[in-house]
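Enquirer: Below you will find the structure I want to go over with you.
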Amino acid sequence: MTLAKGRPPLVIGQPTVDSSHCRFTILGPPGLNCRGRQLDLGSPQQQAVLMLLLANNGRFVQIGELIDGIWGDQAPATGESVIRTYISRLRRVLSGHGLGSAIRSQAGGYLLDSSLFELDAIEFAELVENARRERAGGNTAAAADQLAEALDLWTGTALAGVPGEAAERERSRLERLKLTAIQELLRLRLELGEHAEVAAEVPLFIESNRLEEPLYEIYLLALYRNGRRAEALEVYRMVYDLLTEELGVGPGPRLRAIHEKILRADADVHDDIAVPRTGGAGQCAVHSAPVPVAESAAALPDRYLDRQFVGRDAERAVFQAMFKTKGGEGPGVLFVCGPAGIGKSTLLRKFAEDARAAGRRVWHLHDWMANERRERLEQIADELSADSSPVLLLDSFEELGDLERWLRDEYLRKLRGEAIIVVAGRAGPSAGWLTAPAWSGAIIIRWLEALTDAESAALLEARGVDPELHTSIMDFAIGSPLALSLAAEVGRSLSVTGKPSRRDAVQYVVDNVIALLAGPAPTATHRWALHVCAHARYTTEDLLRAVVPGGQAEELFDWLWSQPFVEAAAHGLDINGVLREALDYQLRWRDPVGYEQMHRRIRHYVMGRLLRDARHPHASVAVMRTIAHLRRRGGVVSRYVSGAGDEDVQASEATPAEHDELVNMARENHGESAAESVRFWLGRQPGAFYLLRDHKTKRLRAFMSRLVLAAPEWEEPVADPVIEDIWSDVHRRMQLPAGTHVSVARHLVCPAFEAEPSFITDVFQARLMRCWLHEPGLAASYLVLAGGQFWRPLMEYLGHHELESVRADHPHAIFGHDWLAAPPAEWLDRHLDEELWARRSLNLFVRQDISGAH
């Protein structure tokens, strides 16, 4: 990644030029030395302009790119003039050393001729490449010398002090290259036999790169070869706990393979060790521990686990209550269930600590290699059976599908009566557990929920995250322990000089959340279906058929349904929580064209067929929640649609026997004039009234009327002055064409919910929107609303004007829309760009004002 978008890396493939005797340095504080004299490059922003031009070798950079690269979303109104001032100053500095032509301008852009300068980053890249060639040729010592020389070029953090997102991205890239070179040099030094020296130095690099697995690989090798096998094994245990605690995953295959070799005390442990056997794609990470397995669960010190662990009090209480069961006829089983990243493994480690504190011996089996599972279980069978009250913790139980029946019907039944078994997995117990007489009454099931806001804040505080980042991280993670831990670790890094920019940090967190919670999809089409499910509020086969090409709707729906992170809701499939936002953000970033196409297709389907066919109240509410979800980035619609909850209501038109009931409800809520208006229109357009009643008690909950007016009639304004105001507005705006009409939502009577969103107001909104978009001959529509101040922002967002000179003596506000001037197709696109590309739609790592914080 370079300072300029879409350009090849800055330091790769650029020629070294030495004719000018002028040299840029960016592997530390930026500088320019010309013929032995260090030039003053000006303010940090001015340096940022120069670095951007340098990065775009041979290309004119538009002023807009410079403004975006330096200030991003916070660009000042005077940004363009400030850039021109910086360019003028830089030219004066360069011209004093015979480089007046180095910066050229053309059509609102600037170019820096980098062939006139040397660059330390290019020299660094060339030395690293030379080292790799020497290594390939078998000359290890020469390769190490080349890498050491390359690293000596660094005088601090790359581009230190240069502001702007573009500089942050380049700084992060260069620092990553540096870390890679450091790792290569350390490996070469191991080959040269410098085991003790490397073992002493690696912890310094680990301190600032805690999740960098290659450094741990080097550390284990250095310790082992230096005769410190026990320390190497302890480091591996700590790394395992660190990675599972922070990211929810175990060590990678290279680190596991090195550990296996050290366990067997192999003499041939080396750093290009082969990847060990695994159980295939999707296999969980393995921590192969020596027997007895009870000792393999060594965790970090208690003070570390206590500091990192939050919440789960109810689950711990259930577990500890199982200790008090005495003299039972068989072991008790606790199933801890939930999707990936919800904190099952972390909870099991806490269970192990609680059990040891209670004097129980613990066997914590949290690593599974496919071809060793049964062997490992059989190795500890005698120890488990001999113990009077063993605690067996089985993590990632979904990986034991082939052994489940053997475990349930044979292995676990041999344990003593006071044994406690905890099974952690993504799914609950199978039917075999629930129907087996041997386990009747012995099974407890706990589904882990997301952490509360208070627990999330406590976790971030324990991880040392800047309090100003707490709100944005919590809003993103939505209580997911995995997302909180991952964002916390990256968030801590953002305050350290030379770490990734916010944009790169967000992308890193998003990509890892998706990889860890969703994993790979079988095909590109399945991946598209996953993104559709994340983008739409509810996903059905019909939606997939309309949005995803290829005619695989049934197969894709079944596949989505089978995923542990997808929930079956009343109106279709749903992806909740952090994964939904992560998937949506990733597609917007990776494929903006495809993202817009998907959004348009979903919206066309929802506003078309789905809205048109939604007649039942529950279907209407589902449509409104989907519309609000699609328009959530606009920041308005979602505030006027209920987010959750259902009401058991039934809809009907008014019968003559119900007229007095409607009149009385209008009188009780809006006064006598409203009651008279309802009575008048019941006599003229009884079919315009739409009622919602409680399904069980038949009590009237709310009603609305939607009048259809083709032309003014003298009785109507006399009986209802509101209609006179509406006709006056119509005549000011249009000549009503023949065959068209005006629709008026005259009465919206919804006791207790007229100034806040609810299930009932959702039903009314869906009914009105269906009229606006799908009713033939509609020229204009109007709404008469109580609580006009509350609904005014929504009406403005939806393009409805408010009548200002209302002569009628009533307390309601009137809003209208001219569908001839702004037809439905145009109205639908009114806020499309905002829906798609609203800035800061994912406010991760955004600093908050914490004055008066909780």
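Identifiers for the structure tokens are assigned positionally: chains receive A, B, ... in sequence, residues are indexed from 1 per chain, and ligands are indexed from 1 in the order shown.
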Could you pull out the helix (DSSP H, G or I) residues of region 417-545 of chain A from DSSP and send them as a PyMOL selection string?
Expert: chain A and resi 431-435+437-439+453-462+467-477+481-494+502-517+524-535+541-545
Enquirer: Which residues are near Leu347 (chain A)? Cut-off 10 Å, only C-alpha atoms, ignore same chain within fewer than 3 positions. Put them as an NGL selection string.
Expert: :A and (245 or 309-312 or 315-316 or 336 or 342-344 or 350-353 or 424 or 448)
Enquirer: For region 633-649 of chain A, work out the shell of residues within 7 Å, counting only C-alpha atoms and skipping chain neighbours fewer than 4 positions away, then give it as a PyMOL selection string.
Expert: chain A and resi 624-625+628-629+692-695+757-759+762+794+834-835+838+841
Enquirer: Take the residues just selected and output them with C-alpha atoms as a compact mmCIF listing (two decimals), in the first residue's frame.
Expert:
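Heads up, here's the output in part-v4.txt:
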# COMPACT_ATOMS: atom_id res chain seq x y z
CA MET A 624 -40.80 -1.58 7.29
CA ARG A 625 -37.96 -2.99 9.35
CA ALA A 628 -35.33 0.97 7.77
CA HIS A 629 -32.37 -1.41 7.72
CA LEU A 692 -56.32 -2.97 14.11
CA ARG A 693 -57.76 -5.06 16.95
CA ASP A 694 -56.19 -7.26 19.58
CA HIS A 695 -56.50 -10.78 18.20
CA PRO A 757 -42.47 4.35 16.67
CA SER A 758 -44.33 1.14 17.41
CA PHE A 759 -45.54 -2.04 15.82
CA ASP A 762 -45.09 0.47 11.33
CA LEU A 794 -39.12 11.91 8.68
CA GLU A 834 -26.55 8.48 1.39
CA GLU A 835 -27.87 4.95 1.87
CA ALA A 838 -22.63 7.69 4.09
CA SER A 841 -20.98 4.15 8.65
Enquirer: Here is a test: counting only C-alpha atoms, which residue of A:Glu123, A:Glu212, A:Asp68, A:Glu555 is nearest to Ile26 (chain A)?
Expert: A:Glu123
Enquirer: Which of these residues is nearest to Glu191 (chain A), using only C-alpha atoms: A:Ala141, A:Gly156, A:Leu583, A:Leu177?
Expert: A:Ala141
Enquirer: My list of candidates is A:His801, A:His831, A:Arg537, A:Arg545. Which is closest to Gly572 (chain A) when distances are computed with only C-alpha atoms?
Expert: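 Answer, going by the shortest atom-to-atom distance: A:Arg537.
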Enquirer: Please provide the set of residues having any atom within 9 Å of region 246-252 of chain A, restricted to only C-alpha atoms, with same-chain residues fewer than 5 positions apart removed, written as number ranges by chain.
Expert: A: 211, 213, 236, 239-241, 257, 284-287, 340-343, 345-346, 367, 481-486, 488-489, 512, 516
Enquirer: Would you mind exporting the chosen residues as an mmCIF file, in the first residue's frame, restricted to N, CA and C atoms?
Expert:
data_model
loop_
_atom_site.group_PDB
_atom_site.id
_atom_site.type_symbol
_atom_site.label_atom_id
_atom_site.label_comp_id
_atom_site.auth_asym_id
_atom_site.auth_seq_id
_atom_site.Cartn_x
_atom_site.Cartn_y
_atom_site.Cartn_z
ATOM 1 N N LEU A 211 0.936 -10.332 18.899
ATOM 2 C CA LEU A 211 0.192 -11.354 18.166
ATOM 3 C C LEU A 211 0.927 -11.816 16.912
ATOM 4 N N GLU A 213 2.892 -14.336 15.285
ATOM 5 C CA GLU A 213 3.273 -15.732 15.510
ATOM 6 C C GLU A 213 4.695 -16.063 15.054
ATOM 7 N N TYR A 236 5.111 -21.742 24.766
ATOM 8 C CA TYR A 236 4.043 -22.183 23.862
ATOM 9 C C TYR A 236 2.690 -22.166 24.570
ATOM 10 N N VAL A 239 1.550 -18.686 24.767
ATOM 11 C CA VAL A 239 1.123 -18.198 23.457
ATOM 12 C C VAL A 239 -0.252 -18.745 23.114
ATOM 13 N N TYR A 240 -0.452 -20.016 23.404
ATOM 14 C CA TYR A 240 -1.765 -20.618 23.131
ATOM 15 C C TYR A 240 -2.863 -19.859 23.867
ATOM 16 N N ASP A 241 -2.637 -19.619 25.160
ATOM 17 C CA ASP A 241 -3.653 -18.906 25.943
ATOM 18 C C ASP A 241 -3.824 -17.473 25.455
ATOM 19 N N ALA A 257 3.675 -27.237 14.793
ATOM 20 C CA ALA A 257 4.620 -28.267 14.365
ATOM 21 C C ALA A 257 5.926 -28.174 15.149
ATOM 22 N N CYS A 284 -9.719 -27.060 13.791
ATOM 23 C CA CYS A 284 -9.334 -26.065 14.782
ATOM 24 C C CYS A 284 -7.861 -26.214 15.123
ATOM 25 N N ALA A 285 -7.301 -25.185 15.719
ATOM 26 C CA ALA A 285 -5.897 -25.189 16.082
ATOM 27 C C ALA A 285 -5.639 -26.239 17.150
ATOM 28 N N VAL A 286 -4.440 -26.791 17.168
ATOM 29 C CA VAL A 286 -4.110 -27.906 18.048
ATOM 30 C C VAL A 286 -3.047 -27.500 19.052
ATOM 31 N N HIS A 287 -3.282 -27.864 20.288
ATOM 32 C CA HIS A 287 -2.275 -27.699 21.319
ATOM 33 C C HIS A 287 -1.982 -29.092 21.847
ATOM 34 N N ALA A 340 -19.356 -19.078 17.142
ATOM 35 C CA ALA A 340 -17.935 -18.791 17.242
ATOM 36 C C ALA A 340 -17.737 -17.366 17.735
ATOM 37 N N GLY A 341 -16.745 -17.190 18.610
ATOM 38 C CA GLY A 341 -16.420 -15.861 19.083
ATOM 39 C C GLY A 341 -17.224 -15.382 20.268
ATOM 40 N N ILE A 342 -18.136 -16.204 20.788
ATOM 41 C CA ILE A 342 -18.995 -15.762 21.888
ATOM 42 C C ILE A 342 -18.316 -15.946 23.248
ATOM 43 N N GLY A 343 -17.164 -16.624 23.274
ATOM 44 C CA GLY A 343 -16.402 -16.739 24.511
ATOM 45 C C GLY A 343 -16.470 -18.084 25.201
ATOM 46 N N SER A 345 -14.500 -20.824 24.827
ATOM 47 C CA SER A 345 -13.180 -21.297 25.267
ATOM 48 C C SER A 345 -12.686 -20.521 26.475
ATOM 49 N N THR A 346 -12.910 -19.220 26.476
ATOM 50 C CA THR A 346 -12.502 -18.400 27.611
ATOM 51 C C THR A 346 -13.247 -18.820 28.873
ATOM 52 N N ASP A 367 -7.683 -29.125 22.511
ATOM 53 C CA ASP A 367 -6.965 -29.235 21.245
ATOM 54 C C ASP A 367 -7.292 -30.586 20.628
ATOM 55 N N PRO A 481 -17.426 -11.084 22.386
ATOM 56 C CA PRO A 481 -16.113 -11.093 23.042
ATOM 57 C C PRO A 481 -14.958 -11.154 22.043
ATOM 58 N N LEU A 482 -15.136 -11.920 20.961
ATOM 59 C CA LEU A 482 -14.077 -12.000 19.955
ATOM 60 C C LEU A 482 -13.824 -10.633 19.334
ATOM 61 N N ALA A 483 -14.899 -9.978 18.878
ATOM 62 C CA ALA A 483 -14.728 -8.676 18.235
ATOM 63 C C ALA A 483 -14.182 -7.649 19.222
ATOM 64 N N LEU A 484 -14.640 -7.686 20.458
ATOM 65 C CA LEU A 484 -14.128 -6.766 21.467
ATOM 66 C C LEU A 484 -12.637 -6.987 21.688
ATOM 67 N N SER A 485 -12.225 -8.241 21.802
ATOM 68 C CA SER A 485 -10.818 -8.541 22.056
ATOM 69 C C SER A 485 -9.944 -8.141 20.872
ATOM 70 N N LEU A 486 -10.412 -8.458 19.680
ATOM 71 C CA LEU A 486 -9.637 -8.136 18.486
ATOM 72 C C LEU A 486 -9.518 -6.622 18.320
ATOM 73 N N ALA A 488 -9.894 -4.406 20.626
ATOM 74 C CA ALA A 488 -9.148 -3.862 21.757
ATOM 75 C C ALA A 488 -7.648 -3.919 21.489
ATOM 76 N N GLU A 489 -7.196 -5.045 20.978
ATOM 77 C CA GLU A 489 -5.764 -5.185 20.716
ATOM 78 C C GLU A 489 -5.307 -4.200 19.645
ATOM 79 N N ASN A 512 -10.689 -10.122 9.987
ATOM 80 C CA ASN A 512 -10.489 -11.205 10.950
ATOM 81 C C ASN A 512 -11.789 -11.638 11.591
ATOM 82 N N LEU A 516 -12.934 -15.496 11.249
ATOM 83 C CA LEU A 516 -13.083 -16.311 12.445
ATOM 84 C C LEU A 516 -14.532 -16.700 12.729
#
Enquirer: I want to know what sits within 8 Å of Leu215 (chain A), based on only C-alpha atoms, with residues of the same chain fewer than 5 positions away left out; could you give that as a PyMOL selection string?
Expert: chain A and resi 183+202+205-206
Enquirer: Could you write those residues out with all heavy atoms, as a CSV table (one decimal), in the first residue's frame?
Expert:
chain,number,residue,atom,x,y,z
A,183,GLN,N,12.6,-10.5,11.2
A,183,GLN,CA,12.3,-11.9,11.4
A,183,GLN,C,13.3,-12.7,10.5
A,183,GLN,O,13.8,-13.8,10.9
A,183,GLN,CB,10.9,-12.2,11.0
A,183,GLN,CG,9.9,-11.6,12.0
A,183,GLN,CD,8.5,-11.8,11.5
A,183,GLN,OE1,8.2,-12.5,10.6
A,183,GLN,NE2,7.5,-11.1,12.2
A,202,VAL,N,14.6,-11.6,21.1
A,202,VAL,CA,13.3,-11.8,20.6
A,202,VAL,C,12.2,-11.2,21.5
A,202,VAL,O,11.2,-10.5,21.0
A,202,VAL,CB,12.9,-13.2,20.2
A,202,VAL,CG1,11.5,-13.4,19.8
A,202,VAL,CG2,13.8,-13.7,19.1
A,205,PHE,N,11.1,-7.7,20.7
A,205,PHE,CA,10.3,-7.5,19.5
A,205,PHE,C,8.9,-8.0,19.8
A,205,PHE,O,7.9,-7.4,19.3
A,205,PHE,CB,10.8,-8.2,18.3
A,205,PHE,CG,12.2,-7.7,17.9
A,205,PHE,CD1,13.3,-8.5,18.0
A,205,PHE,CD2,12.4,-6.4,17.4
A,205,PHE,CE1,14.6,-8.1,17.6
A,205,PHE,CE2,13.6,-6.0,17.0
A,205,PHE,CZ,14.7,-6.8,17.1
A,206,ILE,N,8.7,-9.0,20.6
A,206,ILE,CA,7.4,-9.6,21.0
A,206,ILE,C,6.6,-8.5,21.8
A,206,ILE,O,5.4,-8.4,21.6
A,206,ILE,CB,7.6,-10.9,21.7
A,206,ILE,CG1,8.0,-12.0,20.8
A,206,ILE,CG2,6.2,-11.3,22.4
A,206,ILE,CD1,8.3,-13.3,21.5
Enquirer: I'd like to know which of A:Gly96, A:Phe24, A:Ala150, A:Arg176 is closest to Ser115 (chain A), using only C-alpha atoms.
Expert: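 Among the listed residues, the smallest separation from Ser115 (chain A) belongs to A:Phe24.
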Enquirer: Give me, as a VMD selection string, all polymer residues having an atom no more than 12 Å from Ile67 (chain A), counting only C-alpha atoms and skipping those fewer than 2 positions away in the same chain.
Expert: chain A and resid 4 45 to 46 48 to 49 52 61 to 65 69 to 84 86 109 163 to 166
Enquirer: Which residue gives the smallest distance to Ala780 (chain A) among A:His812, A:Arg667, A:Arg173, A:His817, with only C-alpha atoms counted?
Expert: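 With only C-alpha atoms as the atom set, the closest residue is A:His817.
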Enquirer: Considering only C-alpha atoms, return as a JSON list (two decimals) with N, CA, C and O atoms, in the first residue's frame whatever protein or nucleic-acid residues lie within 12 Å of Thr539 (chain A), sequence-local ones (same chain, fewer than 2 positions apart) excluded.
Expert:
[["chain", "number", "residue", "atom", "x", "y", "z"],
["A", 529, "ALA", "N", -24.44, -14.77, -1.52],
["A", 529, "ALA", "CA", -25.64, -15.01, -0.72],
["A", 529, "ALA", "C", -25.41, -14.60, 0.72],
["A", 529, "ALA", "O", -26.32, -14.06, 1.38],
["A", 530, "LEU", "N", -24.21, -14.81, 1.23],
["A", 530, "LEU", "CA", -23.88, -14.41, 2.59],
["A", 530, "LEU", "C", -23.93, -12.89, 2.74],
["A", 530, "LEU", "O", -24.48, -12.36, 3.72],
["A", 531, "HIS", "N", -23.40, -12.18, 1.76],
["A", 531, "HIS", "CA", -23.44, -10.72, 1.81],
["A", 531, "HIS", "C", -24.88, -10.21, 1.69],
["A", 531, "HIS", "O", -25.25, -9.21, 2.32],
["A", 532, "VAL", "N", -25.69, -10.87, 0.88],
["A", 532, "VAL", "CA", -27.11, -10.49, 0.76],
["A", 532, "VAL", "C", -27.80, -10.66, 2.11],
["A", 532, "VAL", "O", -28.55, -9.79, 2.57],
["A", 533, "CYS", "N", -27.53, -11.77, 2.77],
["A", 533, "CYS", "CA", -28.15, -12.05, 4.06],
["A", 533, "CYS", "C", -27.73, -11.01, 5.10],
["A", 533, "CYS", "O", -28.51, -10.65, 5.98],
["A", 534, "ALA", "N", -26.50, -10.53, 5.00],
["A", 534, "ALA", "CA", -26.04, -9.51, 5.93],
["A", 534, "ALA", "C", -26.64, -8.15, 5.62],
["A", 534, "ALA", "O", -26.90, -7.35, 6.51],
["A", 535, "HIS", "N", -26.88, -7.88, 4.33],
["A", 535, "HIS", "CA", -27.35, -6.56, 3.92],
["A", 535, "HIS", "C", -28.86, -6.40, 4.10],
["A", 535, "HIS", "O", -29.33, -5.33, 4.48],
["A", 536, "ALA", "N", -29.60, -7.43, 3.80],
["A", 536, "ALA", "CA", -31.06, -7.38, 3.95],
["A", 536, "ALA", "C", -31.43, -7.66, 5.41],
["A", 536, "ALA", "O", -30.67, -8.28, 6.15],
["A", 537, "ARG", "N", -32.59, -7.19, 5.81],
["A", 537, "ARG", "CA", -33.01, -7.44, 7.20],
["A", 537, "ARG", "C", -33.43, -8.88, 7.38],
["A", 537, "ARG", "O", -33.09, -9.53, 8.36],
["A", 541, "GLU", "N", -35.97, -17.41, 0.36],
["A", 541, "GLU", "CA", -35.63, -17.97, -0.96],
["A", 541, "GLU", "C", -36.05, -17.02, -2.07],
["A", 541, "GLU", "O", -35.35, -16.86, -3.07],
["A", 542, "ASP", "N", -37.19, -16.38, -1.90],
["A", 542, "ASP", "CA", -37.68, -15.47, -2.93],
["A", 542, "ASP", "C", -36.73, -14.28, -3.11],
["A", 542, "ASP", "O", -36.47, -13.84, -4.23],
["A", 543, "LEU", "N", -36.22, -13.75, -2.01],
["A", 543, "LEU", "CA", -35.25, -12.66, -2.11],
["A", 543, "LEU", "C", -33.98, -13.12, -2.81],
["A", 543, "LEU", "O", -33.46, -12.43, -3.70],
["A", 544, "LEU", "N", -33.46, -14.28, -2.45],
["A", 544, "LEU", "CA", -32.26, -14.80, -3.11],
["A", 544, "LEU", "C", -32.50, -15.01, -4.60],
["A", 544, "LEU", "O", -31.63, -14.75, -5.43],
["A", 545, "ARG", "N", -33.69, -15.48, -4.93],
["A", 545, "ARG", "CA", -34.03, -15.69, -6.33],
["A", 545, "ARG", "C", -34.02, -14.38, -7.11],
["A", 545, "ARG", "O", -33.62, -14.33, -8.27],
["A", 546, "ALA", "N", -34.43, -13.31, -6.45],
["A", 546, "ALA", "CA", -34.51, -12.01, -7.12],
["A", 546, "ALA", "C", -33.17, -11.29, -7.17],
["A", 546, "ALA", "O", -32.94, -10.47, -8.06],
["A", 547, "VAL", "N", -32.28, -11.59, -6.23],
["A", 547, "VAL", "CA", -31.06, -10.80, -6.09],
["A", 547, "VAL", "C", -29.81, -11.51, -6.59],
["A", 547, "VAL", "O", -28.93, -10.90, -7.20],
["A", 548, "VAL", "N", -29.71, -12.83, -6.32],
["A", 548, "VAL", "CA", -28.49, -13.57, -6.67],
["A", 548, "VAL", "C", -28.72, -14.33, -7.97],
["A", 548, "VAL", "O", -29.59, -15.22, -8.03],
["A", 553, "ALA", "N", -31.39, -20.53, -5.68],
["A", 553, "ALA", "CA", -31.97, -19.94, -4.48],
["A", 553, "ALA", "C", -32.23, -20.98, -3.38],
["A", 553, "ALA", "O", -31.92, -20.74, -2.21],
["A", 554, "GLU", "N", -32.79, -22.12, -3.74],
["A", 554, "GLU", "CA", -33.10, -23.13, -2.72],
["A", 554, "GLU", "C", -31.84, -23.66, -2.07],
["A", 554, "GLU", "O", -31.75, -23.78, -0.84],
["A", 556, "LEU", "N", -28.87, -22.17, -1.91],
["A", 556, "LEU", "CA", -28.23, -21.11, -1.14],
["A", 556, "LEU", "C", -28.95, -20.87, 0.18],
["A", 556, "LEU", "O", -28.31, -20.66, 1.22],
["A", 557, "PHE", "N", -30.28, -20.91, 0.15],
["A", 557, "PHE", "CA", -31.05, -20.72, 1.37],
["A", 557, "PHE", "C", -30.74, -21.83, 2.37],
["A", 557, "PHE", "O", -30.51, -21.56, 3.55],
["A", 558, "ASP", "N", -30.70, -23.07, 1.90],
["A", 558, "ASP", "CA", -30.40, -24.20, 2.79],
["A", 558, "ASP", "C", -29.00, -24.08, 3.37],
["A", 558, "ASP", "O", -28.76, -24.40, 4.55],
["A", 560, "LEU", "N", -27.26, -21.26, 3.84],
["A", 560, "LEU", "CA", -27.26, -20.20, 4.85],
["A", 560, "LEU", "C", -27.90, -20.68, 6.15],
["A", 560, "LEU", "O", -27.38, -20.42, 7.24],
["A", 561, "TRP", "N", -28.99, -21.39, 6.01],
["A", 561, "TRP", "CA", -29.71, -21.88, 7.19],
["A", 561, "TRP", "C", -28.83, -22.81, 8.04],
["A", 561, "TRP", "O", -28.95, -22.87, 9.26],
["A", 566, "VAL", "N", -26.16, -17.94, 11.45],
["A", 566, "VAL", "CA", -27.41, -17.48, 10.83],
["A", 566, "VAL", "C", -28.58, -17.95, 11.67],
["A", 566, "VAL", "O", -28.67, -19.13, 12.03],
["A", 567, "GLU", "N", -29.50, -17.04, 11.97],
["A", 567, "GLU", "CA", -30.67, -17.37, 12.78],
["A", 567, "GLU", "C", -31.91, -17.42, 11.90],
["A", 567, "GLU", "O", -32.03, -16.68, 10.93],
["A", 568, "ALA", "N", -32.82, -18.31, 12.25],
["A", 568, "ALA", "CA", -34.10, -18.41, 11.54],
["A", 568, "ALA", "C", -35.11, -17.54, 12.27],
["A", 568, "ALA", "O", -35.60, -17.89, 13.35],
["A", 569, "ALA", "N", -35.42, -16.37, 11.71],
["A", 569, "ALA", "CA", -36.39, -15.46, 12.30],
["A", 569, "ALA", "C", -37.77, -15.72, 11.71],
["A", 569, "ALA", "O", -37.94, -16.55, 10.80],
["A", 570, "ALA", "N", -38.76, -15.00, 12.18],
["A", 570, "ALA", "CA", -40.13, -15.23, 11.74],
["A", 570, "ALA", "C", -40.33, -14.92, 10.26],
["A", 570, "ALA", "O", -41.16, -15.54, 9.60],
["A", 571, "HIS", "N", -39.55, -13.98, 9.72],
["A", 571, "HIS", "CA", -39.76, -13.55, 8.34],
["A", 571, "HIS", "C", -38.59, -13.89, 7.43],
["A", 571, "HIS", "O", -38.48, -13.35, 6.33],
["A", 572, "GLY", "N", -37.72, -14.81, 7.85],
["A", 572, "GLY", "CA", -36.61, -15.21, 7.02],
["A", 572, "GLY", "C", -35.35, -15.39, 7.84],
["A", 572, "GLY", "O", -35.38, -15.34, 9.08],
["A", 573, "LEU", "N", -34.25, -15.58, 7.16],
["A", 573, "LEU", "CA", -32.97, -15.78, 7.84],
["A", 573, "LEU", "C", -32.36, -14.43, 8.20],
["A", 573, "LEU", "O", -32.56, -13.43, 7.51],
["A", 574, "ASP", "N", -31.58, -14.44, 9.26],
["A", 574, "ASP", "CA", -31.04, -13.19, 9.77],
["A", 574, "ASP", "C", -29.64, -13.44, 10.31],
["A", 574, "ASP", "O", -29.38, -14.46, 10.96],
["A", 575, "ILE", "N", -28.72, -12.52, 10.02],
["A", 575, "ILE", "CA", -27.39, -12.52, 10.63],
["A", 575, "ILE", "C", -27.36, -11.34, 11.59],
["A", 575, "ILE", "O", -27.48, -10.20, 11.16],
["A", 602, "ILE", "N", -31.86, -5.54, -3.92],
["A", 602, "ILE", "CA", -32.61, -5.82, -2.70],
["A", 602, "ILE", "C", -33.70, -4.78, -2.50],
["A", 602, "ILE", "O", -34.86, -5.10, -2.19],
["A", 605, "TYR", "N", -36.60, -5.20, -4.88],
["A", 605, "TYR", "CA", -37.45, -6.33, -4.47],
["A", 605, "TYR", "C", -38.31, -5.93, -3.27],
["A", 605, "TYR", "O", -39.52, -6.19, -3.25],
["A", 606, "VAL", "N", -37.70, -5.28, -2.27],
["A", 606, "VAL", "CA", -38.43, -4.94, -1.05],
["A", 606, "VAL", "C", -39.50, -3.90, -1.31],
["A", 606, "VAL", "O", -40.66, -4.05, -0.89],
["A", 610, "LEU", "N", -42.31, -7.18, -2.41],
["A", 610, "LEU", "CA", -42.52, -7.45, -0.99],
["A", 610, "LEU", "C", -43.49, -6.46, -0.36],
["A", 610, "LEU", "O", -44.41, -6.85, 0.36],
["A", 622, "ALA", "N", -42.51, -6.37, 9.00],
["A", 622, "ALA", "CA", -41.25, -6.93, 8.50],
["A", 622, "ALA", "C", -40.71, -6.10, 7.34],
["A", 622, "ALA", "O", -39.51, -5.84, 7.24],
["A", 623, "VAL", "N", -41.59, -5.65, 6.47],
["A", 623, "VAL", "CA", -41.17, -4.82, 5.34],
["A", 623, "VAL", "C", -40.61, -3.49, 5.84],
["A", 623, "VAL", "O", -39.56, -3.02, 5.38],
["A", 626, "THR", "N", -37.22, -3.92, 7.25],
["A", 626, "THR", "CA", -36.25, -4.12, 6.17],
["A", 626, "THR", "C", -35.91, -2.80, 5.50],
["A", 626, "THR", "O", -34.74, -2.51, 5.21]]
Enquirer: Ranking A:Leu803, A:Leu393, A:Ala158, A:Ala719 by minimum distance to Pro29 (chain A) and counting only C-alpha atoms, which one comes first?
Expert: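 Looking at the shortest contact to Pro29 (chain A), the residue is A:Ala158.
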Enquirer: Just the number, please: distance in Å from CA of Pro203 (chain A) to CA of Glu217 (chain A), one decimal.
Expert: 11.8 Å
